[in-house]
Amino acid sequence: MQFGIFTVGDITSDPTTGDTPTENARIKAMVAIAQKAEEVGLDVFATGEHHNPPFVPSSPTTMLGYIAANTKRIILSTATTLITTSDPVKIAEDFAMLQHLADGRVDLTLGRGNTGPVYPWFGKDIREGIPLALENYALLRRLWREDFVDWEGQFRTPLQGFQSTPRPLNGVPPFVWHGSIRSPEIAEQAAYYGDGFFSNHIFWPASHTAKMVQYYRQRFEHYGHGTAAQAIVGLGGQVFMSKNSQDAKRHFRPYFDNAPVYGNGPSMEDFTSQTPLTVGSPQEVIDRTLGFRDYVGDYQRQLWLMDHAGLPLKTVLEQLDLLGEEVVPVLRREFAKNRPVDVPDGPTHESLRLAAHTPVAATTALPDDLDTAAAIAPARTGAAFGLTRTTQTGA
Amino acid sequence: MTTTERTLAVVSAGLSQPSSTRLLADKLTAATVARLTDEGVTTQVVTYELRDYAQDVMNNMLTGFASPRLQTMIEAVTAADGLIAVTPIFTTSYSGLFKTFFDVIDNRSLTDQPVLIGATAGTARHSLALDYALRPMFTYLHAVVVPTSVFAASEDWGSGDGGVDSRLATLPARIERAAGELATLVAASDRSSRVPDPFELPAGFNPAGFSPSR
């Protein structure tokens, strides 16, 4: 199982001091947080993508490329990559490039964004959010899996004999998670392809997350990618810790009360009881997190949101120390107990590479009960340009 | 003749105690239940004062999700065979609390629901608020609003019963007419026996996206 953190990249004033970081300070803080995550033994760092203040990470692969050069082991991911408003061709190129630079330590989570005007800013219609997510991803998959792509869809200019470069490292595309809070269409999409499903989890009651994950698992099995228990599930989480539970509550309360997402609304006590937010001792965080398994089953990736609501960098780094030293080692041990052997671990480049070279590739075959399966199957294309199809052997 | 059972939800946005808004809601409810009883329908009534849910409703507005007790209430309201919704008129329209409640529920959840709207205010000069504020709101939500809406000004609480000799449509007469309209739709509703599927995908949904005919 993989443990890590995700950042939204918001610039928020510290409600206790009034200090507001500059864009430069916030960007550098995100890098420091990523490096710290690796240092304390976490497995994943994921950044959001936003195109409006108060958020800074508009260019995730630039940031992740820089972090890749300054880390050795941690998986670099996103939370989320906007599949709706970004050109899938550019996503294919950017993440394949990042994958080479990071020696495979890359995956991504696709999402539809949280800001309505981003759609018109990028020439799209928000009413077509779901169709954009479906079609753009269908193209993205082909660009990574087929050397030459002929494409015609509703939303972008057609392609004839197009080759996305660089090709994925070792011919293994980055693993894709599909993120959604409430759209069954996205859970269905993730299940259809046998991709991962990442539930935001943190802003909604656990009962809702449980139903969404259960649905995804059932559909994953329906589409023939394995049993429901083998589906690839990731969860968000949100914690603030002190050695002593009361200190954690006292320290975090002003940040909670003024947080952009839920501030001036429910009490911290109500919100912690109704959502996965945990404010308390490391042991309370351990207990709460282990409880997630009770309603989503054995899962593959747990990411926490740690740097938001104006928390200063120093505090966030201290939180990561607690997470890495006191929480995650216990969670690794406990989550491993009674975990069925046929439930896969969190996907990595190496695990995908191994799977790709094992003959039992049938598990990744797409169902043939849809006429679109033909459109996704490897196409013998590019001939019009005198191009011959080559087998990608990779590095 | 088999016994027929229906559910009727009542949402009152009155603030004071006692509240004339609640009083109107109760009169509309009693009249509707009586009509249904006449038609051989047993009616289960669930009545909610929005004041009791005011903080939950605002928290839902701010966080995007309903607290467990509000969620239970929303499910009861939206699954009912009929809805009686009554608000005081504040500053020429429904109260903010009334509107906020209908803002936080899923905007598809009242589709096809028979609704009787009512309102109260100090004088009859506000009566058109029912037709320029409440009725369009429920129309937007694709609810089926009965033709008669019931407005009660303070003076209406002293009106007669609108007997056969009356030349005026008094409050009791308006309540009776509206209740009859709602009861007919509630009796014909199968809404409370439906099992909603939160994961129902749109017709023709294709996880691989639109596929143009080739």
# chains A, B, ... in the order shown; residues from 1 in each chain; ligands from 1
>>> select_by_dssp(residues="chain B", states="strand (DSSP E)", output="tab-separated table (two decimals) with N, CA and C atoms, in the first residue's frame")
chain	number	residue	atom	x	y	z
B	4	THR	N	-54.75	1.78	-0.01
B	4	THR	CA	-53.68	2.49	-0.69
B	4	THR	C	-52.99	3.38	0.33
B	5	GLU	N	-51.67	3.40	0.28
B	5	GLU	CA	-50.92	4.25	1.20
B	5	GLU	C	-50.08	5.25	0.43
B	6	ARG	N	-50.08	6.47	0.92
B	6	ARG	CA	-49.27	7.52	0.31
B	6	ARG	C	-48.55	8.30	1.41
B	7	THR	N	-47.46	8.94	1.03
B	7	THR	CA	-46.77	9.80	2.00
B	7	THR	C	-46.89	11.25	1.54
B	8	LEU	N	-47.01	12.11	2.51
B	8	LEU	CA	-47.14	13.54	2.25
B	8	LEU	C	-46.11	14.26	3.11
B	9	ALA	N	-45.24	15.04	2.49
B	9	ALA	CA	-44.25	15.81	3.24
B	9	ALA	C	-44.72	17.25	3.36
B	10	VAL	N	-44.45	17.85	4.50
B	10	VAL	CA	-44.83	19.24	4.74
B	10	VAL	C	-43.59	19.99	5.20
B	11	VAL	N	-43.29	21.07	4.51
B	11	VAL	CA	-42.13	21.89	4.87
B	11	VAL	C	-42.63	23.29	5.18
B	12	SER	N	-42.39	23.73	6.42
B	12	SER	CA	-42.84	25.06	6.84
B	12	SER	C	-41.63	25.89	7.24
B	41	VAL	N	-57.50	6.48	0.64
B	41	VAL	CA	-56.04	6.48	0.73
B	41	VAL	C	-55.61	6.79	2.17
B	42	THR	N	-54.75	5.93	2.71
B	42	THR	CA	-54.16	6.20	4.02
B	42	THR	C	-52.90	7.04	3.81
B	43	THR	N	-52.82	8.14	4.51
B	43	THR	CA	-51.70	9.05	4.26
B	43	THR	C	-50.78	9.14	5.47
B	44	GLN	N	-49.51	8.96	5.21
B	44	GLN	CA	-48.52	9.16	6.26
B	44	GLN	C	-47.91	10.54	6.05
B	45	VAL	N	-48.02	11.37	7.09
B	45	VAL	CA	-47.56	12.75	6.96
B	45	VAL	C	-46.25	12.94	7.72
B	46	VAL	N	-45.27	13.57	7.07
B	46	VAL	CA	-44.04	13.97	7.78
B	46	VAL	C	-43.93	15.49	7.66
B	47	THR	N	-43.85	16.15	8.81
B	47	THR	CA	-43.84	17.61	8.83
B	47	THR	C	-42.50	18.12	9.37
B	48	TYR	N	-41.92	19.07	8.65
B	48	TYR	CA	-40.63	19.62	9.07
B	48	TYR	C	-40.71	21.14	9.19
B	49	GLU	N	-40.21	21.64	10.31
B	49	GLU	CA	-40.01	23.07	10.48
B	49	GLU	C	-38.58	23.37	10.05
B	82	GLY	N	-46.27	13.65	-2.24
B	82	GLY	CA	-46.69	15.03	-2.42
B	82	GLY	C	-45.98	15.92	-1.41
B	83	LEU	N	-45.92	17.21	-1.71
B	83	LEU	CA	-45.23	18.14	-0.83
B	83	LEU	C	-46.08	19.39	-0.65
B	84	ILE	N	-46.23	19.78	0.62
B	84	ILE	CA	-46.86	21.06	0.92
B	84	ILE	C	-45.75	21.97	1.41
B	85	ALA	N	-45.50	23.08	0.72
B	85	ALA	CA	-44.37	23.96	1.05
B	85	ALA	C	-44.92	25.35	1.36
B	86	VAL	N	-44.68	25.81	2.57
B	86	VAL	CA	-45.25	27.09	3.00
B	86	VAL	C	-44.17	27.99	3.58
B	87	THR	N	-44.17	29.23	3.15
B	87	THR	CA	-43.16	30.18	3.63
B	87	THR	C	-43.81	31.50	4.02
B	88	PRO	N	-43.23	32.19	4.98
B	88	PRO	CA	-43.63	33.59	5.15
B	88	PRO	C	-43.04	34.41	4.00
B	89	ILE	N	-43.72	35.49	3.65
B	89	ILE	CA	-43.17	36.38	2.62
B	89	ILE	C	-42.34	37.46	3.32
B	90	PHE	N	-41.06	37.49	2.99
B	90	PHE	CA	-40.14	38.48	3.54
B	90	PHE	C	-39.62	39.33	2.39
B	93	SER	N	-40.65	38.28	-1.13
B	93	SER	CA	-40.41	36.94	-1.69
B	93	SER	C	-40.38	35.89	-0.57
B	94	TYR	N	-40.08	34.64	-0.95
B	94	TYR	CA	-39.91	33.58	0.05
B	94	TYR	C	-38.79	33.98	1.00
B	114	PRO	N	-45.79	16.24	-6.98
B	114	PRO	CA	-46.92	17.16	-6.81
B	114	PRO	C	-46.65	18.09	-5.61
B	115	VAL	N	-46.81	19.39	-5.83
B	115	VAL	CA	-46.50	20.36	-4.79
B	115	VAL	C	-47.65	21.36	-4.65
B	116	LEU	N	-48.01	21.61	-3.41
B	116	LEU	CA	-48.96	22.68	-3.10
B	116	LEU	C	-48.18	23.78	-2.39
B	117	ILE	N	-48.24	25.00	-2.93
B	117	ILE	CA	-47.48	26.09	-2.33
B	117	ILE	C	-48.41	27.02	-1.55
B	118	GLY	N	-47.89	27.49	-0.42
B	118	GLY	CA	-48.65	28.42	0.40
B	118	GLY	C	-47.72	29.48	0.97
B	119	ALA	N	-48.30	30.62	1.35
B	119	ALA	CA	-47.48	31.68	1.93
B	119	ALA	C	-48.32	32.51	2.89
B	120	THR	N	-47.63	33.16	3.80
B	120	THR	CA	-48.30	34.04	4.75
B	120	THR	C	-47.61	35.39	4.76
B	121	ALA	N	-48.38	36.42	5.10
B	121	ALA	CA	-47.79	37.75	5.25
B	121	ALA	C	-48.78	38.62	6.00
B	144	VAL	N	-44.58	19.45	-10.05
B	144	VAL	CA	-45.91	19.73	-10.61
B	144	VAL	C	-46.67	20.55	-9.57
B	145	VAL	N	-46.77	21.86	-9.78
B	145	VAL	CA	-47.40	22.73	-8.80
B	145	VAL	C	-48.89	22.81	-9.11
B	150	VAL	N	-52.14	28.95	-2.00
B	150	VAL	CA	-52.92	29.53	-0.91
B	150	VAL	C	-52.12	30.58	-0.15
B	151	PHE	N	-52.66	31.79	-0.18
B	151	PHE	CA	-52.02	32.88	0.54
B	151	PHE	C	-52.91	33.27	1.72
B	152	ALA	N	-52.29	33.42	2.89
B	152	ALA	CA	-53.06	33.84	4.07
B	152	ALA	C	-52.45	35.12	4.64
B	153	ALA	N	-53.18	36.22	4.50
B	153	ALA	CA	-52.79	37.46	5.17
B	153	ALA	C	-53.35	37.41	6.59
>>> closest_atom_pairs(of="chain A", to="chain B", cutoff="9 Å", atoms="only C-alpha atoms", output="JSON lines")
{"residue": "A:Ile130", "atom": "CA", "partner": "B:Gly209", "partner_atom": "CA", "distance": 8.8}
{"residue": "A:Pro131", "atom": "CA", "partner": "B:Gly209", "partner_atom": "CA", "distance": 6.1}
{"residue": "A:Leu132", "atom": "CA", "partner": "B:Gly209", "partner_atom": "CA", "distance": 8.0}
{"residue": "A:Ala133", "atom": "CA", "partner": "B:Gly209", "partner_atom": "CA", "distance": 8.2}
{"residue": "A:Leu134", "atom": "CA", "partner": "B:Gly209", "partner_atom": "CA", "distance": 4.6}
{"residue": "A:Glu135", "atom": "CA", "partner": "B:Gly209", "partner_atom": "CA", "distance": 4.6}
{"residue": "A:Asn136", "atom": "CA", "partner": "B:Gly209", "partner_atom": "CA", "distance": 8.3}
{"residue": "A:Tyr137", "atom": "CA", "partner": "B:Ala208", "partner_atom": "CA", "distance": 8.0}
{"residue": "A:Ala138", "atom": "CA", "partner": "B:Ala208", "partner_atom": "CA", "distance": 5.8}
{"residue": "A:Glu152", "atom": "CA", "partner": "B:Pro212", "partner_atom": "CA", "distance": 8.4}
{"residue": "A:Gly153", "atom": "CA", "partner": "B:Pro212", "partner_atom": "CA", "distance": 7.3}
{"residue": "A:Gln154", "atom": "CA", "partner": "B:Phe210", "partner_atom": "CA", "distance": 7.5}
{"residue": "A:Ser183", "atom": "CA", "partner": "B:Phe199", "partner_atom": "CA", "distance": 8.1}
{"residue": "A:Pro184", "atom": "CA", "partner": "B:Phe199", "partner_atom": "CA", "distance": 5.4}
{"residue": "A:Glu185", "atom": "CA", "partner": "B:Leu201", "partner_atom": "CA", "distance": 6.5}
{"residue": "A:Ile186", "atom": "CA", "partner": "B:Pro207", "partner_atom": "CA", "distance": 8.0}
{"residue": "A:Glu188", "atom": "CA", "partner": "B:Pro207", "partner_atom": "CA", "distance": 6.5}
{"residue": "A:Gln189", "atom": "CA", "partner": "B:Pro207", "partner_atom": "CA", "distance": 4.8}
{"residue": "A:Ala190", "atom": "CA", "partner": "B:Pro207", "partner_atom": "CA", "distance": 8.4}
{"residue": "A:Ala191", "atom": "CA", "partner": "B:Pro207", "partner_atom": "CA", "distance": 9.0}
{"residue": "A:Tyr192", "atom": "CA", "partner": "B:Pro207", "partner_atom": "CA", "distance": 6.6}
{"residue": "A:Tyr193", "atom": "CA", "partner": "B:Pro207", "partner_atom": "CA", "distance": 8.6}
{"residue": "A:Phe203", "atom": "CA", "partner": "B:Thr63", "partner_atom": "CA", "distance": 7.3}
{"residue": "A:Trp204", "atom": "CA", "partner": "B:Phe65", "partner_atom": "CA", "distance": 6.1}
{"residue": "A:Pro205", "atom": "CA", "partner": "B:Phe65", "partner_atom": "CA", "distance": 7.6}
{"residue": "A:Met212", "atom": "CA", "partner": "B:Phe199", "partner_atom": "CA", "distance": 8.3}
{"residue": "A:Tyr215", "atom": "CA", "partner": "B:Phe199", "partner_atom": "CA", "distance": 7.7}
{"residue": "A:Val261", "atom": "CA", "partner": "B:Thr63", "partner_atom": "CA", "distance": 6.7}
{"residue": "A:Tyr262", "atom": "CA", "partner": "B:Thr63", "partner_atom": "CA", "distance": 5.3}
{"residue": "A:Gly263", "atom": "CA", "partner": "B:Leu62", "partner_atom": "CA", "distance": 8.0}
{"residue": "A:Asn264", "atom": "CA", "partner": "B:Leu62", "partner_atom": "CA", "distance": 8.0}
{"residue": "A:Gly265", "atom": "CA", "partner": "B:Asn59", "partner_atom": "CA", "distance": 5.0}
{"residue": "A:Pro266", "atom": "CA", "partner": "B:Asn59", "partner_atom": "CA", "distance": 5.6}
{"residue": "A:Asp270", "atom": "CA", "partner": "B:Ser67", "partner_atom": "CA", "distance": 8.6}
{"residue": "A:Gln274", "atom": "CA", "partner": "B:Ser67", "partner_atom": "CA", "distance": 7.0}
{"residue": "A:Leu370", "atom": "CA", "partner": "B:Asn206", "partner_atom": "CA", "distance": 8.1}
{"residue": "A:Asp371", "atom": "CA", "partner": "B:Ser211", "partner_atom": "CA", "distance": 8.3}
{"residue": "A:Thr372", "atom": "CA", "partner": "B:Ser211", "partner_atom": "CA", "distance": 6.5}
{"residue": "A:Ala373", "atom": "CA", "partner": "B:Ala208", "partner_atom": "CA", "distance": 8.0}
{"residue": "A:Ala375", "atom": "CA", "partner": "B:Ser211", "partner_atom": "CA", "distance": 8.4}
{"residue": "A:Ile376", "atom": "CA", "partner": "B:Ala208", "partner_atom": "CA", "distance": 8.4}
>>> atom_distance(atom1="CA of Thr100 (chain B)", atom2="CA of Ser19 (chain B)")
19.5 Å
>>> atom_distance(atom1="CA of Val33 (chain B)", atom2="CA of Val186 (chain B)")
10.0 Å
>>> decode(residues="region 53-101 of chain A", atoms="N, CA and C atoms", output="PDB file, in the first residue's frame")
ATOM      1  N   PRO A  53      -6.001  32.371  -9.300  1.00  0.00           N
ATOM      2  CA  PRO A  53      -5.647  32.619  -7.909  1.00  0.00           C
ATOM      3  C   PRO A  53      -6.817  32.181  -7.020  1.00  0.00           C
ATOM      4  N   PRO A  54      -6.607  31.791  -5.768  1.00  0.00           N
ATOM      5  CA  PRO A  54      -5.338  31.855  -5.031  1.00  0.00           C
ATOM      6  C   PRO A  54      -4.452  30.624  -5.194  1.00  0.00           C
ATOM      7  N   PHE A  55      -4.559  29.931  -6.319  1.00  0.00           N
ATOM      8  CA  PHE A  55      -3.784  28.698  -6.482  1.00  0.00           C
ATOM      9  C   PHE A  55      -2.575  28.959  -7.383  1.00  0.00           C
ATOM     10  N   VAL A  56      -1.439  28.319  -7.071  1.00  0.00           N
ATOM     11  CA  VAL A  56      -0.244  28.536  -7.882  1.00  0.00           C
ATOM     12  C   VAL A  56       0.077  27.444  -8.898  1.00  0.00           C
ATOM     13  N   PRO A  57      -0.332  26.181  -8.689  1.00  0.00           N
ATOM     14  CA  PRO A  57       0.196  25.149  -9.597  1.00  0.00           C
ATOM     15  C   PRO A  57      -0.555  25.031 -10.924  1.00  0.00           C
ATOM     16  N   SER A  58      -0.256  25.944 -11.845  1.00  0.00           N
ATOM     17  CA  SER A  58      -0.893  25.873 -13.161  1.00  0.00           C
ATOM     18  C   SER A  58      -0.130  24.929 -14.084  1.00  0.00           C
ATOM     19  N   SER A  59       1.112  24.629 -13.728  1.00  0.00           N
ATOM     20  CA  SER A  59       1.966  23.853 -14.623  1.00  0.00           C
ATOM     21  C   SER A  59       2.587  22.675 -13.869  1.00  0.00           C
ATOM     22  N   PRO A  60       1.774  21.656 -13.585  1.00  0.00           N
ATOM     23  CA  PRO A  60       2.232  20.573 -12.701  1.00  0.00           C
ATOM     24  C   PRO A  60       3.479  19.833 -13.187  1.00  0.00           C
ATOM     25  N   THR A  61       3.575  19.552 -14.498  1.00  0.00           N
ATOM     26  CA  THR A  61       4.737  18.745 -14.901  1.00  0.00           C
ATOM     27  C   THR A  61       6.034  19.539 -14.791  1.00  0.00           C
ATOM     28  N   THR A  62       5.953  20.871 -14.890  1.00  0.00           N
ATOM     29  CA  THR A  62       7.159  21.674 -14.660  1.00  0.00           C
ATOM     30  C   THR A  62       7.618  21.489 -13.217  1.00  0.00           C
ATOM     31  N   MET A  63       6.656  21.635 -12.310  1.00  0.00           N
ATOM     32  CA  MET A  63       6.999  21.491 -10.886  1.00  0.00           C
ATOM     33  C   MET A  63       7.472  20.072 -10.574  1.00  0.00           C
ATOM     34  N   LEU A  64       6.747  19.076 -11.086  1.00  0.00           N
ATOM     35  CA  LEU A  64       7.104  17.688 -10.770  1.00  0.00           C
ATOM     36  C   LEU A  64       8.447  17.321 -11.400  1.00  0.00           C
ATOM     37  N   GLY A  65       8.759  17.891 -12.550  1.00  0.00           N
ATOM     38  CA  GLY A  65      10.063  17.638 -13.172  1.00  0.00           C
ATOM     39  C   GLY A  65      11.197  18.161 -12.297  1.00  0.00           C
ATOM     40  N   TYR A  66      10.982  19.332 -11.718  1.00  0.00           N
ATOM     41  CA  TYR A  66      11.989  19.906 -10.826  1.00  0.00           C
ATOM     42  C   TYR A  66      12.129  19.031  -9.581  1.00  0.00           C
ATOM     43  N   ILE A  67      10.983  18.603  -9.042  1.00  0.00           N
ATOM     44  CA  ILE A  67      11.025  17.747  -7.840  1.00  0.00           C
ATOM     45  C   ILE A  67      11.690  16.407  -8.174  1.00  0.00           C
ATOM     46  N   ALA A  68      11.421  15.912  -9.373  1.00  0.00           N
ATOM     47  CA  ALA A  68      12.029  14.632  -9.775  1.00  0.00           C
ATOM     48  C   ALA A  68      13.548  14.704  -9.698  1.00  0.00           C
ATOM     49  N   ALA A  69      14.085  15.851 -10.108  1.00  0.00           N
ATOM     50  CA  ALA A  69      15.540  15.998 -10.111  1.00  0.00           C
ATOM     51  C   ALA A  69      16.100  16.079  -8.694  1.00  0.00           C
ATOM     52  N   ASN A  70      15.240  16.402  -7.736  1.00  0.00           N
ATOM     53  CA  ASN A  70      15.691  16.587  -6.357  1.00  0.00           C
ATOM     54  C   ASN A  70      15.233  15.478  -5.418  1.00  0.00           C
ATOM     55  N   THR A  71      14.713  14.395  -5.994  1.00  0.00           N
ATOM     56  CA  THR A  71      14.287  13.253  -5.184  1.00  0.00           C
ATOM     57  C   THR A  71      14.777  11.985  -5.867  1.00  0.00           C
ATOM     58  N   LYS A  72      14.671  10.880  -5.151  1.00  0.00           N
ATOM     59  CA  LYS A  72      15.186   9.615  -5.692  1.00  0.00           C
ATOM     60  C   LYS A  72      14.119   8.534  -5.790  1.00  0.00           C
ATOM     61  N   ARG A  73      13.142   8.588  -4.928  1.00  0.00           N
ATOM     62  CA  ARG A  73      12.310   7.411  -4.712  1.00  0.00           C
ATOM     63  C   ARG A  73      10.814   7.678  -4.819  1.00  0.00           C
ATOM     64  N   ILE A  74      10.405   8.882  -4.448  1.00  0.00           N
ATOM     65  CA  ILE A  74       8.973   9.154  -4.298  1.00  0.00           C
ATOM     66  C   ILE A  74       8.252   9.186  -5.656  1.00  0.00           C
ATOM     67  N   ILE A  75       7.012   8.682  -5.700  1.00  0.00           N
ATOM     68  CA  ILE A  75       6.203   8.736  -6.923  1.00  0.00           C
ATOM     69  C   ILE A  75       5.594  10.130  -7.041  1.00  0.00           C
ATOM     70  N   LEU A  76       5.686  10.713  -8.222  1.00  0.00           N
ATOM     71  CA  LEU A  76       5.163  12.058  -8.456  1.00  0.00           C
ATOM     72  C   LEU A  76       3.827  11.933  -9.175  1.00  0.00           C
ATOM     73  N   SER A  77       2.814  12.575  -8.611  1.00  0.00           N
ATOM     74  CA  SER A  77       1.473  12.396  -9.155  1.00  0.00           C
ATOM     75  C   SER A  77       0.722  13.730  -9.140  1.00  0.00           C
ATOM     76  N   THR A  78      -0.540  13.661  -9.497  1.00  0.00           N
ATOM     77  CA  THR A  78      -1.344  14.883  -9.566  1.00  0.00           C
ATOM     78  C   THR A  78      -2.679  14.678  -8.849  1.00  0.00           C
ATOM     79  N   ALA A  79      -3.276  15.811  -8.464  1.00  0.00           N
ATOM     80  CA  ALA A  79      -4.554  15.746  -7.743  1.00  0.00           C
ATOM     81  C   ALA A  79      -5.320  17.053  -7.958  1.00  0.00           C
ATOM     82  N   THR A  80      -5.791  17.276  -9.129  1.00  0.00           N
ATOM     83  CA  THR A  80      -5.867  16.349 -10.253  1.00  0.00           C
ATOM     84  C   THR A  80      -5.355  17.039 -11.525  1.00  0.00           C
ATOM     85  N   THR A  81      -5.213  16.258 -12.585  1.00  0.00           N
ATOM     86  CA  THR A  81      -4.890  16.800 -13.909  1.00  0.00           C
ATOM     87  C   THR A  81      -6.197  17.012 -14.661  1.00  0.00           C
ATOM     88  N   LEU A  82      -6.380  18.206 -15.203  1.00  0.00           N
ATOM     89  CA  LEU A  82      -7.671  18.552 -15.805  1.00  0.00           C
ATOM     90  C   LEU A  82      -7.801  17.929 -17.201  1.00  0.00           C
ATOM     91  N   ILE A  83      -8.503  16.822 -17.252  1.00  0.00           N
ATOM     92  CA  ILE A  83      -8.687  16.085 -18.505  1.00  0.00           C
ATOM     93  C   ILE A  83      -9.737  16.762 -19.383  1.00  0.00           C
ATOM     94  N   THR A  84     -10.490  17.680 -18.789  1.00  0.00           N
ATOM     95  CA  THR A  84     -11.578  18.325 -19.519  1.00  0.00           C
ATOM     96  C   THR A  84     -11.106  19.488 -20.376  1.00  0.00           C
ATOM     97  N   THR A  85     -10.240  20.321 -19.803  1.00  0.00           N
ATOM     98  CA  THR A  85      -9.879  21.571 -20.475  1.00  0.00           C
ATOM     99  C   THR A  85      -8.482  21.542 -21.073  1.00  0.00           C
ATOM    100  N   SER A  86      -7.675  20.527 -20.724  1.00  0.00           N
ATOM    101  CA  SER A  86      -6.343  20.428 -21.318  1.00  0.00           C
ATOM    102  C   SER A  86      -6.421  19.542 -22.551  1.00  0.00           C
ATOM    103  N   ASP A  87      -5.577  19.849 -23.516  1.00  0.00           N
ATOM    104  CA  ASP A  87      -5.519  19.027 -24.720  1.00  0.00           C
ATOM    105  C   ASP A  87      -4.897  17.682 -24.357  1.00  0.00           C
ATOM    106  N   PRO A  88      -5.589  16.594 -24.638  1.00  0.00           N
ATOM    107  CA  PRO A  88      -5.022  15.285 -24.296  1.00  0.00           C
ATOM    108  C   PRO A  88      -3.679  15.017 -24.982  1.00  0.00           C
ATOM    109  N   VAL A  89      -3.467  15.631 -26.126  1.00  0.00           N
ATOM    110  CA  VAL A  89      -2.174  15.448 -26.795  1.00  0.00           C
ATOM    111  C   VAL A  89      -1.057  16.036 -25.922  1.00  0.00           C
ATOM    112  N   LYS A  90      -1.306  17.214 -25.357  1.00  0.00           N
ATOM    113  CA  LYS A  90      -0.285  17.843 -24.523  1.00  0.00           C
ATOM    114  C   LYS A  90      -0.105  17.069 -23.211  1.00  0.00           C
ATOM    115  N   ILE A  91      -1.201  16.531 -22.674  1.00  0.00           N
ATOM    116  CA  ILE A  91      -1.065  15.718 -21.455  1.00  0.00           C
ATOM    117  C   ILE A  91      -0.201  14.495 -21.753  1.00  0.00           C
ATOM    118  N   ALA A  92      -0.469  13.851 -22.894  1.00  0.00           N
ATOM    119  CA  ALA A  92       0.307  12.660 -23.266  1.00  0.00           C
ATOM    120  C   ALA A  92       1.796  13.006 -23.356  1.00  0.00           C
ATOM    121  N   GLU A  93       2.089  14.126 -24.005  1.00  0.00           N
ATOM    122  CA  GLU A  93       3.496  14.517 -24.182  1.00  0.00           C
ATOM    123  C   GLU A  93       4.142  14.898 -22.854  1.00  0.00           C
ATOM    124  N   ASP A  94       3.458  15.754 -22.096  1.00  0.00           N
ATOM    125  CA  ASP A  94       4.042  16.268 -20.849  1.00  0.00           C
ATOM    126  C   ASP A  94       4.354  15.141 -19.866  1.00  0.00           C
ATOM    127  N   PHE A  95       3.410  14.219 -19.722  1.00  0.00           N
ATOM    128  CA  PHE A  95       3.623  13.180 -18.710  1.00  0.00           C
ATOM    129  C   PHE A  95       4.575  12.092 -19.195  1.00  0.00           C
ATOM    130  N   ALA A  96       4.644  11.871 -20.494  1.00  0.00           N
ATOM    131  CA  ALA A  96       5.647  10.925 -20.998  1.00  0.00           C
ATOM    132  C   ALA A  96       7.041  11.517 -20.797  1.00  0.00           C
ATOM    133  N   MET A  97       7.179  12.805 -21.058  1.00  0.00           N
ATOM    134  CA  MET A  97       8.469  13.470 -20.827  1.00  0.00           C
ATOM    135  C   MET A  97       8.856  13.383 -19.350  1.00  0.00           C
ATOM    136  N   LEU A  98       7.896  13.686 -18.487  1.00  0.00           N
ATOM    137  CA  LEU A  98       8.155  13.630 -17.041  1.00  0.00           C
ATOM    138  C   LEU A  98       8.537  12.209 -16.617  1.00  0.00           C
ATOM    139  N   GLN A  99       7.854  11.247 -17.224  1.00  0.00           N
ATOM    140  CA  GLN A  99       8.127   9.854 -16.892  1.00  0.00           C
ATOM    141  C   GLN A  99       9.589   9.482 -17.193  1.00  0.00           C
ATOM    142  N   HIS A 100      10.095   9.956 -18.332  1.00  0.00           N
ATOM    143  CA  HIS A 100      11.500   9.682 -18.672  1.00  0.00           C
ATOM    144  C   HIS A 100      12.437  10.371 -17.684  1.00  0.00           C
ATOM    145  N   LEU A 101      12.161  11.645 -17.395  1.00  0.00           N
ATOM    146  CA  LEU A 101      13.041  12.399 -16.505  1.00  0.00           C
ATOM    147  C   LEU A 101      13.045  11.799 -15.106  1.00  0.00           C
TER     148      LEU A 101
END
